[in-house]
$ cat target34.cif   # mmCIF, C-alpha atoms
data_query
loop_
_atom_site.label_atom_id
_atom_site.label_comp_id
_atom_site.auth_asym_id
_atom_site.auth_seq_id
_atom_site.Cartn_x
_atom_site.Cartn_y
_atom_site.Cartn_z
CA THR A 1 0.18 -16.70 8.96
CA HIS A 2 3.54 -17.09 7.24
CA SER A 3 6.58 -17.70 9.40
CA ARG A 4 9.13 -14.99 8.78
CA GLU A 5 11.63 -13.14 10.94
CA MET A 6 10.12 -9.89 12.15
CA GLY A 7 12.42 -6.98 12.79
CA THR A 8 12.07 -4.04 15.16
CA PRO A 9 8.81 -2.06 15.24
CA ASN A 10 8.65 0.53 12.43
CA LEU A 11 5.60 2.16 13.93
CA GLU A 12 3.61 1.94 17.17
CA TRP A 13 0.35 3.59 18.16
CA GLY A 14 -2.17 3.62 20.96
CA ASP A 15 -5.64 4.93 21.81
CA LEU A 16 -6.01 6.79 18.52
CA GLN A 17 -9.28 8.68 18.39
CA LYS A 18 -10.88 10.43 15.45
CA SER A 19 -14.42 11.73 15.09
CA MET A 20 -15.88 12.70 11.71
CA GLY A 21 -19.51 13.74 11.86
CA GLU A 22 -21.52 10.82 13.23
CA PHE A 23 -18.54 8.48 12.94
CA SER A 24 -16.09 7.90 15.77
CA LEU A 25 -12.95 5.72 15.77
CA LYS A 26 -11.07 4.54 18.85
CA THR A 27 -8.20 2.06 18.58
CA GLY A 28 -6.25 -0.03 21.06
CA GLU A 29 -2.47 -0.26 20.91
CA GLY A 30 -0.68 -1.72 17.92
CA LYS A 31 2.65 -2.01 16.19
CA VAL A 32 4.04 -2.93 12.80
CA HIS A 33 7.52 -4.47 12.49
CA SER A 34 10.05 -4.23 9.69
CA SER A 35 9.58 -7.00 7.08
CA GLU A 36 5.97 -7.45 8.28
CA VAL A 37 2.77 -7.15 6.25
CA VAL A 38 -0.32 -6.53 8.36
CA GLY A 39 -3.66 -7.27 6.73
CA VAL A 40 -6.40 -4.93 7.98
CA VAL A 41 -9.85 -6.52 7.77
CA GLY A 42 -13.35 -5.81 9.04
CA PRO A 43 -16.82 -4.73 7.95
CA ASN A 44 -17.41 -1.47 6.08
CA ALA A 45 -17.64 1.75 8.09
CA THR A 46 -15.63 0.41 11.06
CA GLY A 47 -12.76 2.87 10.56
CA LYS A 48 -10.09 0.92 8.64
CA THR A 49 -9.41 3.70 6.14
CA THR A 50 -9.73 6.42 8.79
CA MET A 51 -7.12 4.71 10.95
CA VAL A 52 -4.71 4.27 8.06
CA ARG A 53 -5.20 7.91 7.01
CA VAL A 54 -4.40 9.04 10.57
CA ILE A 55 -1.21 6.92 10.56
CA ALA A 56 -0.33 8.30 7.10
CA GLY A 57 -0.64 11.83 8.47
CA GLU A 58 -3.52 12.60 6.10
CA LEU A 59 -5.90 13.15 9.01
CA GLU A 60 -5.11 14.75 12.34
CA MET A 61 -5.86 12.53 15.33
CA ASP A 62 -8.15 13.93 18.05
CA ALA A 63 -6.38 11.94 20.78
CA GLY A 64 -3.89 9.13 21.26
CA TRP A 65 -0.29 8.68 20.20
CA CYS A 66 1.64 7.40 17.23
CA THR A 67 5.41 7.19 16.69
CA MET A 68 5.41 9.37 13.62
CA GLU A 69 9.12 8.99 12.82
CA ALA A 70 8.15 6.41 10.21
CA LYS A 71 8.21 7.79 6.67
CA VAL A 72 4.98 6.71 5.00
CA SER A 73 4.06 5.87 1.40
CA TYR A 74 0.27 5.79 0.99
CA LYS A 75 -1.94 4.40 -1.78
CA PRO A 76 -5.47 5.68 -1.15
CA GLN A 77 -8.63 3.67 -1.72
CA HIS A 78 -9.72 5.81 -4.66
CA VAL A 79 -6.82 6.21 -7.06
CA LYS A 80 -6.66 8.84 -9.75
CA ALA A 81 -4.13 9.91 -12.35
CA ASP A 82 -3.48 13.65 -12.41
CA PHE A 83 -0.33 13.23 -14.49
CA GLU A 84 -0.42 14.68 -18.01
CA GLY A 85 1.54 12.34 -20.25
CA THR A 86 2.34 8.67 -20.63
CA VAL A 87 2.76 6.15 -17.82
CA GLY A 88 6.44 5.86 -18.76
CA LEU A 89 6.96 9.60 -18.35
CA TRP A 90 5.05 9.54 -15.04
CA LEU A 91 7.39 6.80 -13.74
CA ASP A 92 10.44 8.71 -15.04
CA VAL A 93 9.33 11.78 -13.06
CA GLU A 94 8.71 9.67 -9.92
CA PHE A 95 11.77 7.42 -10.07
CA GLY A 96 14.19 8.42 -12.80
CA THR A 97 15.41 5.25 -14.50
CA LYS A 98 15.15 2.92 -11.46
CA TRP A 99 11.84 1.49 -12.70
CA ARG A 100 13.36 0.35 -16.01
CA SER A 101 15.75 -2.27 -14.59
CA GLY A 102 17.04 -3.73 -11.36
CA GLU A 103 15.27 -4.99 -8.27
CA PHE A 104 12.21 -2.69 -8.38
CA HIS A 105 11.66 -3.59 -12.04
CA THR A 106 11.92 -7.34 -11.32
CA THR A 107 9.87 -7.35 -8.11
CA VAL A 108 7.12 -4.85 -8.92
CA ILE A 109 7.08 -3.31 -12.40
CA ARG A 110 7.28 -6.48 -14.49
CA PRO A 111 4.98 -8.74 -12.41
CA LEU A 112 2.29 -6.01 -12.41
CA GLN A 113 2.90 -5.56 -16.18
CA VAL A 114 3.37 -1.83 -15.67
CA ASP A 115 6.23 -1.90 -18.22
CA LYS A 116 3.66 -2.82 -20.90
CA MET A 117 1.59 0.27 -19.96
CA ALA A 118 4.49 2.71 -20.45
CA VAL A 119 3.15 4.13 -23.74
CA LEU A 120 -0.43 4.60 -22.46
CA ASP A 121 -1.89 8.00 -21.53
CA ALA A 122 -1.91 8.10 -17.71
CA ARG A 123 -5.23 9.95 -17.49
CA ARG A 124 -6.98 7.47 -19.77
CA LEU A 125 -5.93 4.28 -18.01
CA PRO A 126 -8.66 1.70 -17.36
CA CYS A 127 -9.32 1.10 -13.63
CA GLY A 128 -7.27 -2.12 -13.39
CA GLU A 129 -4.21 -0.63 -15.08
CA LEU A 130 -4.43 2.53 -12.97
CA GLN A 131 -4.58 0.39 -9.82
CA ALA A 132 -1.45 -1.53 -10.90
CA VAL A 133 0.46 1.71 -11.63
CA SER A 134 -0.67 3.20 -8.29
CA ILE A 135 0.54 0.13 -6.39
CA ALA A 136 3.88 0.31 -8.22
CA ILE A 137 4.30 4.02 -7.43
CA CYS A 138 3.46 3.42 -3.77
CA LEU A 139 5.95 0.53 -3.49
CA GLY A 140 8.67 2.38 -5.40
CA LYS A 141 8.85 5.29 -2.99
CA GLU A 142 11.40 5.40 -0.17
CA ALA A 143 9.48 4.83 3.06
CA ASP A 144 9.50 2.88 6.32
CA LEU A 145 5.81 2.05 6.18
CA TYR A 146 3.66 1.35 3.12
CA LEU A 147 -0.09 1.79 3.50
CA LEU A 148 -2.22 0.30 0.74
CA ASP A 149 -5.99 0.77 0.86
CA GLU A 150 -7.93 -1.74 -1.29
CA PRO A 151 -5.08 -2.66 -3.66
CA SER A 152 -7.00 -5.64 -5.09
CA ALA A 153 -9.88 -3.49 -6.41
CA HIS A 154 -10.32 -3.68 -10.21
CA LEU A 155 -7.56 -6.31 -10.57
CA ASP A 156 -8.23 -9.73 -12.09
CA ALA A 157 -7.30 -12.88 -10.15
CA ASN A 158 -3.84 -13.19 -11.68
CA SER A 159 -3.01 -9.50 -11.12
CA ARG A 160 -4.20 -9.80 -7.50
CA ARG A 161 -1.81 -12.67 -6.91
CA GLU A 162 1.08 -10.77 -8.52
CA ALA A 163 0.27 -7.61 -6.52
CA ALA A 164 0.22 -9.57 -3.25
CA LYS A 165 3.60 -11.15 -4.09
CA ALA A 166 5.05 -7.75 -5.09
CA ILE A 167 4.00 -6.18 -1.76
CA ARG A 168 5.46 -9.08 0.27
CA LYS A 169 8.72 -9.20 -1.69
CA THR A 170 9.24 -5.43 -1.40
CA MET A 171 8.91 -5.62 2.38
CA GLU A 172 11.24 -8.64 2.61
CA VAL A 173 13.96 -7.26 0.38
CA ASN A 174 13.93 -3.74 1.88
CA GLU A 175 13.07 -4.79 5.46
CA LYS A 176 10.14 -2.38 5.49
CA ALA A 177 6.60 -2.70 6.85
CA ALA A 178 3.20 -2.60 5.18
CA MET A 179 -0.44 -2.34 6.21
CA VAL A 180 -2.94 -3.55 3.64
CA ILE A 181 -6.69 -2.97 3.84
CA ASP A 182 -8.65 -5.30 1.58
CA HIS A 183 -11.95 -7.16 1.37
CA ASP A 184 -10.60 -10.01 -0.74
CA ILE A 185 -9.83 -12.74 1.80
CA TYR A 186 -7.74 -14.73 -0.70
CA PHE A 187 -5.62 -11.62 -1.34
CA ILE A 188 -5.28 -10.89 2.39
CA ASP A 189 -4.27 -14.51 2.99
CA ILE A 190 -1.44 -14.33 0.42
CA VAL A 191 -0.18 -10.88 1.42
CA SER A 192 -0.35 -10.88 5.23
CA ASP A 193 1.90 -12.10 8.01
CA THR A 194 -0.51 -10.90 10.68
CA LEU A 195 -4.06 -9.58 10.80
CA LEU A 196 -5.57 -6.49 12.40
CA VAL A 197 -9.29 -7.14 12.76
#

$ encode --input "target34.cif" --output "structure tokens"
Amino acid sequence: THSREMGTPNLEWGDLQKSMGEFSLKTGEGKVHSSEVVGVVGPNATGKTTMVRVIAGELEMDAGWCTMEAKVSYKPQHVKADFEGTVGLWLDVEFGTKWRSGEFHTTVIRPLQVDKMAVLDARRLPCGELQAVSIAICLGKEADLYLLDEPSAHLDANSRREAAKAIRKTMEVNEKAAMVIDHDIYFIDIVSDTLLV
């Protein structure tokens, strides 16, 4: 783990339970601090995505508790572009001009090369480019907690490294928290301060 000052908890939870058909999730207690990136790892079908979706408010919990005051920005596992128009227009609608210069541009947009995708049709983006844009949109939103499910999918090695750095830097600069689910151990190693297994 990286040594970095952790702030106060942004979110705490305990004994979350969620059943979906045959599948049942039960968690212990956990917390995520400001300026902290928690890597969420484990085998498939153990409930990583379900847990994150419950925390994001996408799924109702059956039991347990969660301090829901945290405002959440969520990048789902399967990203899609519903926006009709170019990537640049999509970012304008999401953020106004803040993506074109300043800290967000330097930390996220440029390293992920999203600025070079501005003229592309959002709905025709190849998987890797769509992933990069989705990560940027998630990180650009105002939130206390950023939940990213499989951000390394479809990215090449260099883009994975840049995405990991962009997530870390965003949390450091804004003193926010992130939870990142990923199967790429190298990516998790770069991005995480702590691990939830």

$ residues_around --input "target34.cif" --residues "Gln131 of chain A" --least-positions-apart "5" --cutoff "9 Å" --atoms "all atoms listed in the file" --output "list in words"
Val79, Lys80, Pro126, Ala136, Pro151, Ser152, Ala153, His154 and Leu155 of chain A

$ resolve_selection --input "target34.cif" --expression "the PyMOL selection byres ((chain A and resi 46) around 12)" --output "list in words"
Lys18, Phe23, Ser24, Leu25, Lys26, Thr27, Val40, Val41, Gly42, Pro43, Asn44, Ala45, Gly47, Lys48, Thr49, Thr50, Met51, Val52, Ile181 and Val197 of chain A

$ write_last_selection --input "target34.cif" --atoms "C-alpha atoms" --output "mmCIF file, in the coordinates of the input"
data_model
loop_
_atom_site.group_PDB
_atom_site.id
_atom_site.type_symbol
_atom_site.label_atom_id
_atom_site.label_comp_id
_atom_site.auth_asym_id
_atom_site.auth_seq_id
_atom_site.Cartn_x
_atom_site.Cartn_y
_atom_site.Cartn_z
ATOM 1 C CA LYS A 18 -10.880 10.430 15.450
ATOM 2 C CA PHE A 23 -18.540 8.480 12.940
ATOM 3 C CA SER A 24 -16.090 7.900 15.770
ATOM 4 C CA LEU A 25 -12.950 5.720 15.770
ATOM 5 C CA LYS A 26 -11.070 4.540 18.850
ATOM 6 C CA THR A 27 -8.200 2.060 18.580
ATOM 7 C CA VAL A 40 -6.400 -4.930 7.980
ATOM 8 C CA VAL A 41 -9.850 -6.520 7.770
ATOM 9 C CA GLY A 42 -13.350 -5.810 9.040
ATOM 10 C CA PRO A 43 -16.820 -4.730 7.950
ATOM 11 C CA ASN A 44 -17.410 -1.470 6.080
ATOM 12 C CA ALA A 45 -17.640 1.750 8.090
ATOM 13 C CA GLY A 47 -12.760 2.870 10.560
ATOM 14 C CA LYS A 48 -10.090 0.920 8.640
ATOM 15 C CA THR A 49 -9.410 3.700 6.140
ATOM 16 C CA THR A 50 -9.730 6.420 8.790
ATOM 17 C CA MET A 51 -7.120 4.710 10.950
ATOM 18 C CA VAL A 52 -4.710 4.270 8.060
ATOM 19 C CA ILE A 181 -6.690 -2.970 3.840
ATOM 20 C CA VAL A 197 -9.290 -7.140 12.760
#

$ closest_residue --input "target34.cif" --among "A:Asp121, A:Asp115, A:Glu36, A:Glu103" --to "Ala81 of chain A" --atoms "all atoms listed in the file"
A:Asp121

$ atom_distance --input "target34.cif" --atom1 "atom CA of Asp15 of chain A" --atom2 "atom CA of Ala70 of chain A"
18.1 Å

$ closest_residue --input "target34.cif" --among "A:Ala143, A:Leu112, A:Arg123, A:Lys165" --to "Glu84 of chain A" --atoms "only C-alpha atoms"
A:Arg123

$ resolve_selection --input "target34.cif" --expression "the PyMOL selection byres ((chain A and resi 88) around 10)" --output "VMD selection string"
chain A and resid 85 to 87 89 to 94 97 99 to 100 114 to 122

$ atom_distance --input "target34.cif" --atom1 "atom CA of Phe104 of chain A" --atom2 "atom CA of Leu139 of chain A"
8.6 Å

$ closest_residue --input "target34.cif" --among "A:Ile188, A:Leu125, A:Ala164, A:Val54" --to "Ser19 of chain A" --atoms "all atoms listed in the file"
A:Val54

$ atom_distance --input "target34.cif" --atom1 "atom CA of Lys31 of chain A" --atom2 "atom CA of Thr8 of chain A"
9.7 Å

$ closest_residue --input "target34.cif" --among "A:Gly7, A:Pro76, A:Gly14, A:Gly57" --to "Asp182 of chain A" --atoms "only C-alpha atoms"
A:Pro76

$ closest_residue --input "target34.cif" --among "A:Ser34, A:Leu11, A:Glu22, A:Cys66" --to "Val173 of chain A" --atoms "only C-alpha atoms"
A:Ser34

$ closest_residue --input "target34.cif" --among "A:Asn174, A:Gln113, A:Thr67, A:Ser134" --to "Asn158 of chain A" --atoms "only C-alpha atoms"
A:Gln113

$ residues_near_point --input "target34.cif" --point "(-1.8, -6.8, 9.3)" --cutoff "7 Å" --atoms "all atoms listed in the file" --output "list in words"
Val37, Val38, Gly39, Val40, Met179, Val180, Ser192, Asp193, Thr194, Leu195 and Leu196 of chain A

$ residues_around --input "target34.cif" --residues "Ile135 of chain A" --least-positions-apart "5" --cutoff "9 Å" --atoms "only C-alpha atoms" --output "PyMOL selection string"
chain A and resi 75+108+112+130+140+148+151+163+167

$ resolve_selection --input "target34.cif" --expression "the PyMOL selection byres ((chain A and resi 72) around 7)" --output "list of chain:residue names"
A:Ala56, A:Ala70, A:Lys71, A:Ser73, A:Tyr74, A:Ala143, A:Asp144, A:Leu145, A:Tyr146

$ decode --input "target34.cif" --residues "segment 83-94 of chain A" --atoms "all heavy atoms" --output "compact mmCIF listing (two decimals), in the first residue's frame"
# COMPACT_ATOMS: atom_id res chain seq x y z
N PHE A 83 -25.43 9.06 -25.82
CA PHE A 83 -25.43 10.47 -26.26
C PHE A 83 -25.38 10.57 -27.79
O PHE A 83 -24.54 9.94 -28.43
CB PHE A 83 -24.24 11.21 -25.65
CG PHE A 83 -24.26 12.68 -25.93
CD1 PHE A 83 -25.03 13.53 -25.14
CD2 PHE A 83 -23.54 13.21 -26.99
CE1 PHE A 83 -25.06 14.89 -25.41
CE2 PHE A 83 -23.57 14.57 -27.25
CZ PHE A 83 -24.33 15.41 -26.47
N GLU A 84 -26.29 11.35 -28.36
CA GLU A 84 -26.27 11.59 -29.80
C GLU A 84 -25.44 12.82 -30.09
O GLU A 84 -25.83 13.93 -29.74
CB GLU A 84 -27.70 11.79 -30.33
CG GLU A 84 -28.52 10.51 -30.34
CD GLU A 84 -29.87 10.72 -31.02
OE1 GLU A 84 -29.93 11.47 -32.01
OE2 GLU A 84 -30.85 10.12 -30.54
N GLY A 85 -24.28 12.62 -30.70
CA GLY A 85 -23.40 13.74 -31.01
C GLY A 85 -21.96 13.36 -30.75
O GLY A 85 -21.64 12.20 -30.47
N THR A 86 -21.08 14.34 -30.83
CA THR A 86 -19.66 14.08 -30.65
C THR A 86 -19.31 13.97 -29.16
O THR A 86 -20.07 14.40 -28.29
CB THR A 86 -18.80 15.21 -31.24
OG1 THR A 86 -19.08 16.41 -30.50
CG2 THR A 86 -19.08 15.42 -32.72
N VAL A 87 -18.14 13.41 -28.90
CA VAL A 87 -17.62 13.32 -27.53
C VAL A 87 -17.47 14.72 -26.93
O VAL A 87 -17.82 14.96 -25.77
CB VAL A 87 -16.28 12.56 -27.51
CG1 VAL A 87 -15.59 12.68 -26.16
CG2 VAL A 87 -16.49 11.09 -27.88
N GLY A 88 -16.98 15.65 -27.74
CA GLY A 88 -16.81 17.03 -27.27
C GLY A 88 -18.12 17.65 -26.80
O GLY A 88 -18.19 18.29 -25.75
N LEU A 89 -19.19 17.43 -27.58
CA LEU A 89 -20.51 17.95 -27.22
C LEU A 89 -21.03 17.27 -25.96
O LEU A 89 -21.61 17.92 -25.08
CB LEU A 89 -21.47 17.71 -28.39
CG LEU A 89 -22.74 18.55 -28.43
CD1 LEU A 89 -22.41 20.03 -28.37
CD2 LEU A 89 -23.55 18.22 -29.67
N TRP A 90 -20.80 15.97 -25.85
CA TRP A 90 -21.19 15.19 -24.67
C TRP A 90 -20.54 15.79 -23.41
O TRP A 90 -21.19 16.03 -22.40
CB TRP A 90 -20.77 13.74 -24.87
CG TRP A 90 -21.27 12.74 -23.85
CD1 TRP A 90 -22.15 12.96 -22.83
CD2 TRP A 90 -20.89 11.36 -23.76
NE1 TRP A 90 -22.34 11.79 -22.11
CE2 TRP A 90 -21.59 10.80 -22.67
CE3 TRP A 90 -20.03 10.53 -24.51
CZ2 TRP A 90 -21.45 9.46 -22.29
CZ3 TRP A 90 -19.90 9.20 -24.13
CH2 TRP A 90 -20.61 8.67 -23.04
N LEU A 91 -19.22 16.07 -23.51
CA LEU A 91 -18.50 16.65 -22.37
C LEU A 91 -18.96 18.07 -22.08
O LEU A 91 -19.05 18.47 -20.91
CB LEU A 91 -17.00 16.61 -22.64
CG LEU A 91 -16.39 15.21 -22.70
CD1 LEU A 91 -14.98 15.25 -23.27
CD2 LEU A 91 -16.36 14.55 -21.33
N ASP A 92 -19.30 18.83 -23.13
CA ASP A 92 -19.85 20.18 -22.93
C ASP A 92 -21.15 20.13 -22.13
O ASP A 92 -21.38 20.93 -21.22
CB ASP A 92 -20.13 20.86 -24.28
CG ASP A 92 -18.86 21.34 -24.97
OD1 ASP A 92 -17.81 21.47 -24.29
OD2 ASP A 92 -18.90 21.57 -26.20
N VAL A 93 -22.02 19.16 -22.49
CA VAL A 93 -23.30 19.01 -21.80
C VAL A 93 -23.07 18.61 -20.34
O VAL A 93 -23.72 19.13 -19.43
CB VAL A 93 -24.19 17.96 -22.53
CG1 VAL A 93 -25.40 17.58 -21.69
CG2 VAL A 93 -24.64 18.50 -23.89
N GLU A 94 -22.12 17.70 -20.11
CA GLU A 94 -21.83 17.23 -18.74
C GLU A 94 -21.16 18.31 -17.89
O GLU A 94 -21.49 18.46 -16.71
CB GLU A 94 -20.90 16.00 -18.78
CG GLU A 94 -21.54 14.73 -19.31
CD GLU A 94 -22.45 14.03 -18.30
OE1 GLU A 94 -22.47 14.42 -17.11
OE2 GLU A 94 -23.14 13.09 -18.71
